[in-house]
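Comments concern the structure below.
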Amino acid sequence: MRKPFIAGNWKMHGSASAVRELIAGIRKGAASYADIEIAVLPPFLYIPPICDLLRDSNLKVGAQNLYVGAEGAFTGEVSGPMLKEAGCQYVLVGHSERRSLFHEDLPLVAAKFKAAIAAGLTPILCVGETRAEREQGKTEKIIREQLESVIQSAGIESFRQAVIAYEPVWAIGTGLTATPEEAEAVHAFIRQLFAQNKVELAKTLCILYGGSMKPENAASLLAMPDIDGGLIGGASLDAGSFLAICKAANEKIHVGSKVN
């Protein structure tokens with residue numbers, strides 16, 4: 001059984017005092033969920049102090065972005081090697097907000113994925129369709145293009161060191177929600193894409209759901225066979241809510257072990 005993974009994307013939120021309080025609450029509660037993978041993805045500025053606060057815990061730290069180059073005259077950018085040295089294990093690549101707000105196209109996302117792998121980081125590759133694309137029946141076409149551009153650039157074997165997060169853009173902060181069955185259908189499609197060439201890889205590939213997972217819907221989403229965890233947005237800014245989702249993921253693995 002694949003190990004459930006819950007990652008909290010804090011986006012551009014936080015202050016020094018708020019971060020300390022949030023991390024203290026998450027660390028205390030997460031100690032009960034050692035059988036699942038849990039990571040927090042804070043803004044760059046808070047990565048070093050959070051790594052210090054989480055030393056000797058079961059929590060991992062990731063970043064929300066990286067630059068394609070390892071070093072150089074790139075004012076304002078942060079490289080993969082810098083993130084690795086700071087203590088990060090994960091980094092988001094191709095998040096819907098990066099694609100839409102900062103106009104990151106397919107070649108740039110693929111280059112960032114390769115940069116993460118080269119730095120020894122695990123990229124969390126985000127893919128997903130907009131509401132218009134879904135209504136036009138283009139969901140599978142869009143996701144296939146997003147994945148194949150990275151596969152062609154980095155090679156399919158690189159996904160042994162990666163995580164995929166499905167983000168239905170139309171269900172993020174819009175009040176709309178994907179049903180567990182709708183989310184599962186896309187997760188199964190993603191897994192099948194890899195199974196066409198690498199059956200073993202497809203079976204072990206971790207695929208997260210990133211469409212506004214909350215304590216209220218986490219259990220029903222995580223009950224789906226191809227949903228291995230969640231990329232959590234707003235709910236990750238509250239320790240109680242985030243830990244409730246972690247609890248649902250923890251129950252998934254224990255229920256699964258009983259079934260198996």
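Chain lettering (A, B, ...) mirrors the order of the structure tokens, residue numbering begins at 1 for each chain separately, and ligand numbering begins at 1 in order of display.
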
Hey, what's within 12 Å of Thr174 (chain A) if we count only C-alpha atoms and toss same-chain stuff fewer than 6 positions away? As number ranges by chain, please? A: 130-131, 168, 211-212

Tell me, which residues of region 106-252 of chain A carry DSSP helix (DSSP H, G or I), written as a compact mmCIF listing (two decimals) with C-alpha atoms, in the first residue's frame?
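Result saved to part_25.txt:
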# COMPACT_ATOMS: atom_id res chain seq x y z
CA LEU A 106 4.97 23.90 -19.99
CA PRO A 107 8.72 24.15 -20.83
CA LEU A 108 9.43 26.24 -17.70
CA VAL A 109 7.53 23.84 -15.44
CA ALA A 110 9.47 20.93 -16.95
CA ALA A 111 12.76 22.77 -16.40
CA LYS A 112 11.87 23.44 -12.76
CA PHE A 113 10.98 19.77 -12.29
CA LYS A 114 14.41 18.76 -13.62
CA ALA A 115 16.10 21.37 -11.41
CA ALA A 116 14.38 19.94 -8.35
CA ILE A 117 15.48 16.40 -9.19
CA ALA A 118 19.05 17.58 -9.83
CA ARG A 131 -13.52 25.32 -15.15
CA ALA A 132 -13.78 26.28 -18.82
CA GLU A 133 -11.53 23.39 -19.83
CA ARG A 134 -13.58 20.96 -17.78
CA GLU A 135 -16.86 22.20 -19.25
CA THR A 139 -9.75 17.62 -18.57
CA GLU A 140 -7.83 14.55 -19.73
CA LYS A 141 -6.28 16.39 -22.69
CA ILE A 142 -4.94 19.20 -20.48
CA ILE A 143 -3.55 16.87 -17.84
CA ARG A 144 -1.98 14.60 -20.44
CA GLU A 145 -0.21 17.62 -21.98
CA GLN A 146 1.02 18.83 -18.59
CA LEU A 147 2.41 15.43 -17.67
CA GLU A 148 3.84 14.48 -21.05
CA SER A 149 5.78 17.75 -21.33
CA VAL A 150 7.63 16.83 -18.12
CA ILE A 151 8.03 13.17 -19.07
CA GLN A 152 9.55 14.13 -22.44
CA SER A 153 11.95 16.56 -20.77
CA ALA A 154 12.94 14.70 -17.59
CA ILE A 156 9.53 8.85 -17.01
CA GLU A 157 12.03 7.28 -14.58
CA SER A 158 12.40 10.66 -12.83
CA PHE A 159 8.89 10.20 -11.45
CA ARG A 160 10.24 7.55 -9.08
CA GLN A 161 11.54 10.59 -7.18
CA VAL A 169 -8.45 24.76 -10.62
CA TRP A 170 -12.22 25.26 -10.76
CA ALA A 171 -12.58 23.83 -7.23
CA PRO A 180 -14.83 12.03 -4.44
CA GLU A 181 -15.86 10.13 -7.56
CA GLU A 182 -14.90 13.03 -9.86
CA ALA A 183 -11.54 13.38 -8.16
CA GLU A 184 -10.93 9.63 -8.24
CA ALA A 185 -11.65 9.48 -11.97
CA VAL A 186 -8.83 11.93 -12.71
CA HIS A 187 -6.42 10.26 -10.28
CA ALA A 188 -7.12 6.91 -11.96
CA PHE A 189 -6.54 8.51 -15.37
CA ILE A 190 -3.15 9.84 -14.23
CA ARG A 191 -2.12 6.46 -12.87
CA GLN A 192 -3.20 4.77 -16.10
CA LEU A 193 -1.07 7.16 -18.15
CA PHE A 194 2.01 5.90 -16.34
CA ALA A 195 0.83 2.29 -16.41
CA VAL A 199 3.21 -0.58 -14.59
CA GLU A 200 5.40 -0.89 -11.50
CA LEU A 201 5.91 2.89 -11.32
CA ALA A 202 2.19 3.52 -11.70
CA LYS A 203 1.44 1.26 -8.75
CA THR A 204 3.84 3.10 -6.43
CA ALA A 218 -10.96 14.47 3.72
CA ALA A 219 -12.15 11.01 4.75
CA SER A 220 -14.45 10.58 1.74
CA LEU A 221 -11.75 11.74 -0.69
CA LEU A 222 -9.03 9.65 0.91
CA GLY A 234 -6.32 27.15 3.59
CA ALA A 235 -6.88 24.32 6.06
CA SER A 236 -3.11 23.98 6.55
CA LEU A 237 -3.04 27.39 8.27
CA ALA A 239 -3.29 23.32 13.27
CA GLY A 240 -6.56 21.67 14.28
CA SER A 241 -7.89 21.50 10.72
CA PHE A 242 -4.61 20.28 9.28
CA LEU A 243 -4.27 17.58 11.92
CA ALA A 244 -7.84 16.44 11.31
CA ILE A 245 -6.90 15.79 7.69
CA CYS A 246 -3.75 13.98 8.85
CA LYS A 247 -5.94 11.84 11.08
CA ALA A 248 -8.11 10.88 8.11
CA ALA A 249 -4.99 9.91 6.16
CA ASN A 250 -3.72 7.88 9.09
CA GLU A 251 -7.02 6.02 9.28
CA LYS A 252 -6.78 5.26 5.55

Got a sec: who's within 7 Å of Val163 (chain A), counting only C-alpha atoms, leaving out chain neighbours fewer than 5 positions off, as a PyMOL selection string? chain A and resi 123-125+205-207

Print the selection's residues with N, CA and C atoms to a file, as a PDB file, in the first residue's frame.
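Result saved to part-v2.pdb:
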ATOM      1  N   PRO A 123      10.123  16.804  -6.244  1.00  0.00           N
ATOM      2  CA  PRO A 123       9.141  17.754  -6.767  1.00  0.00           C
ATOM      3  C   PRO A 123       7.719  17.239  -6.567  1.00  0.00           C
ATOM      4  N   ILE A 124       6.840  18.139  -6.166  1.00  0.00           N
ATOM      5  CA  ILE A 124       5.406  17.854  -6.130  1.00  0.00           C
ATOM      6  C   ILE A 124       4.832  18.550  -7.349  1.00  0.00           C
ATOM      7  N   LEU A 125       4.656  17.810  -8.426  1.00  0.00           N
ATOM      8  CA  LEU A 125       4.214  18.371  -9.701  1.00  0.00           C
ATOM      9  C   LEU A 125       2.700  18.532  -9.711  1.00  0.00           C
ATOM     10  N   LEU A 205       3.363   5.224  -7.555  1.00  0.00           N
ATOM     11  CA  LEU A 205       3.327   6.675  -7.691  1.00  0.00           C
ATOM     12  C   LEU A 205       2.333   7.299  -6.714  1.00  0.00           C
ATOM     13  N   CYS A 206       2.808   8.280  -5.962  1.00  0.00           N
ATOM     14  CA  CYS A 206       1.952   8.984  -4.998  1.00  0.00           C
ATOM     15  C   CYS A 206       1.239  10.134  -5.704  1.00  0.00           C
ATOM     16  N   ILE A 207      -0.089  10.129  -5.673  1.00  0.00           N
ATOM     17  CA  ILE A 207      -0.892  11.171  -6.316  1.00  0.00           C
ATOM     18  C   ILE A 207      -1.786  11.826  -5.262  1.00  0.00           C
TER      19      ILE A 207
END

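The smallest atom-to-atom distance between Leu66 (chain A) and any of A:Ile172, A:Val40, A:Ile50, A:Ala119, using only C-alpha atoms, is found for A:Ala119.
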
Name the residues of region 88-197 of chain A that come out as strand (DSSP E) in a backbone DSSP run; write them as a list in words.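 Strand (DSSP E) members of region 88-197 of chain A, listed: Tyr90, Val91, Leu92, Val93, Thr122, Pro123, Ile124, Leu125, Cys126, Val127, Val163, Ile164, Ala165 and Tyr166 of chain A.
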
Requested write-out: N, CA, C and O atoms of the selected residues, as a short mmCIF file (atom, residue, chain, number, x, y, z; two decimals), in the first residue's frame:
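See again.cif below for the written result:
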data_model
loop_
_atom_site.label_atom_id
_atom_site.label_comp_id
_atom_site.auth_asym_id
_atom_site.auth_seq_id
_atom_site.Cartn_x
_atom_site.Cartn_y
_atom_site.Cartn_z
N TYR A 90 11.10 18.73 -0.09
CA TYR A 90 10.11 18.82 -1.17
C TYR A 90 10.09 20.23 -1.76
O TYR A 90 10.53 21.19 -1.12
N VAL A 91 9.54 20.34 -2.98
CA VAL A 91 9.30 21.65 -3.58
C VAL A 91 8.13 21.53 -4.57
O VAL A 91 8.04 20.55 -5.31
N LEU A 92 7.23 22.49 -4.51
CA LEU A 92 6.13 22.52 -5.47
C LEU A 92 6.64 22.95 -6.84
O LEU A 92 7.49 23.83 -6.95
N VAL A 93 6.08 22.34 -7.87
CA VAL A 93 6.41 22.69 -9.25
C VAL A 93 5.11 22.75 -10.04
O VAL A 93 4.30 21.83 -9.98
N THR A 122 12.42 16.39 -3.82
CA THR A 122 11.29 15.68 -4.41
C THR A 122 10.29 16.70 -4.93
O THR A 122 9.67 17.42 -4.15
N PRO A 123 10.12 16.80 -6.24
CA PRO A 123 9.14 17.75 -6.77
C PRO A 123 7.72 17.24 -6.57
O PRO A 123 7.45 16.04 -6.74
N ILE A 124 6.84 18.14 -6.17
CA ILE A 124 5.41 17.85 -6.13
C ILE A 124 4.83 18.55 -7.35
O ILE A 124 4.61 19.76 -7.35
N LEU A 125 4.66 17.81 -8.43
CA LEU A 125 4.21 18.37 -9.70
C LEU A 125 2.70 18.53 -9.71
O LEU A 125 1.96 17.55 -9.60
N CYS A 126 2.25 19.77 -9.85
CA CYS A 126 0.82 20.07 -9.84
C CYS A 126 0.27 20.11 -11.27
O CYS A 126 0.86 20.74 -12.15
N VAL A 127 -0.85 19.43 -11.47
CA VAL A 127 -1.52 19.44 -12.78
C VAL A 127 -3.00 19.64 -12.53
O VAL A 127 -3.52 19.30 -11.47
N VAL A 163 6.26 13.37 -6.76
CA VAL A 163 4.87 13.26 -6.33
C VAL A 163 4.04 14.08 -7.31
O VAL A 163 4.51 15.10 -7.81
N ILE A 164 2.83 13.64 -7.59
CA ILE A 164 1.92 14.41 -8.44
C ILE A 164 0.76 14.90 -7.59
O ILE A 164 0.27 14.18 -6.72
N ALA A 165 0.34 16.12 -7.83
CA ALA A 165 -0.85 16.66 -7.15
C ALA A 165 -1.85 17.10 -8.20
O ALA A 165 -1.53 17.93 -9.06
N TYR A 166 -3.05 16.52 -8.15
CA TYR A 166 -4.11 16.94 -9.07
C TYR A 166 -4.87 18.11 -8.46
O TYR A 166 -5.47 17.98 -7.39
#

Please identify all polymer residues within 7 Å of Tyr209 (chain A), counting only C-alpha atoms, omitting same-chain residues fewer than 5 positions from it, and present them as a ChimeraX atom specification. /A:165-167,227,229-231

Shell of 10 Å around Phe44 (chain A), only C-alpha atoms, local chain residues under 4 positions omitted, as number ranges by chain: A: 11-12, 48, 62-66, 78, 83, 86

Go ahead and dump the residues you just picked, C-alpha atoms, as a PDB file, in the first residue's frame.
ATOM      1  CA  LYS A  11       1.112  30.203   0.221  1.00  0.00           C
ATOM      2  CA  MET A  12       1.935  33.834   1.141  1.00  0.00           C
ATOM      3  CA  PRO A  48      15.231  27.960   8.036  1.00  0.00           C
ATOM      4  CA  GLY A  62       9.247  21.919   1.457  1.00  0.00           C
ATOM      5  CA  ALA A  63       9.284  25.101  -0.606  1.00  0.00           C
ATOM      6  CA  GLN A  64       6.629  26.567  -2.861  1.00  0.00           C
ATOM      7  CA  ASN A  65       8.862  27.358  -5.828  1.00  0.00           C
ATOM      8  CA  LEU A  66      12.439  27.240  -7.142  1.00  0.00           C
ATOM      9  CA  VAL A  78      16.069  30.863  -4.950  1.00  0.00           C
ATOM     10  CA  LEU A  83      16.577  24.929  -0.605  1.00  0.00           C
ATOM     11  CA  ALA A  86      18.269  25.016   4.125  1.00  0.00           C
TER      12      ALA A  86
END

Give the answer as one residue: which of A:Ala223, A:Met1, A:Ile253, A:Ile6 has the shortest atom-to-atom distance to Ile38 (chain A), using only C-alpha atoms?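 Among the listed residues, A:Ile6 lies closest to Ile38 (chain A).
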
Please, what distance in Å, to one decimal, runs between CA of Tyr67 (chain A) and CA of Ser79 (chain A)?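 Between CA of Tyr67 (chain A) and CA of Ser79 (chain A) the gap is 5.0 Å.
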
Distance query region 19-32 of chain A at most 7 Å, only C-alpha atoms, self and fewer than 3 positions along chain excluded, as a compact mmCIF listing (two decimals) with N, CA and C atoms, in the first residue's frame:
# COMPACT_ATOMS: atom_id res chain seq x y z
N GLY A 14 1.52 34.21 6.94
CA GLY A 14 2.34 33.95 8.11
C GLY A 14 3.08 35.18 8.63
N SER A 15 3.47 35.08 9.87
CA SER A 15 4.35 36.05 10.53
C SER A 15 5.22 35.23 11.47
N ALA A 16 6.27 35.81 12.00
CA ALA A 16 7.18 35.06 12.86
C ALA A 16 6.45 34.43 14.03
N ASN A 58 8.83 14.06 13.05
CA ASN A 58 8.49 13.28 11.87
C ASN A 58 7.94 14.14 10.74
N ASP A 238 -4.40 26.28 9.92
CA ASP A 238 -4.99 26.04 11.23
C ASP A 238 -4.55 24.66 11.69
N ALA A 239 -3.85 24.59 12.82
CA ALA A 239 -3.29 23.32 13.27
C ALA A 239 -4.37 22.26 13.45
N LEU A 243 -4.43 18.86 11.22
CA LEU A 243 -4.27 17.58 11.92
C LEU A 243 -5.48 16.67 11.74

Could you work out how far CA of Leu176 (chain A) lies from CA of Ala162 (chain A), giving the answer in Å with one decimal? 28.4 Å

Find, counting only C-alpha atoms, the residue in A:Leu101, A:Ala73, A:Val61, A:Leu54 that gets nearest to Leu121 (chain A). A:Val61

Rank A:Gly8, A:Gly76, A:Gly210, A:Pro81 by their smallest atom-to-atom distance to Thr177 (chain A), using only C-alpha atoms, and report the top residue only.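 Among the listed residues, the smallest separation from Thr177 (chain A) belongs to A:Gly210.
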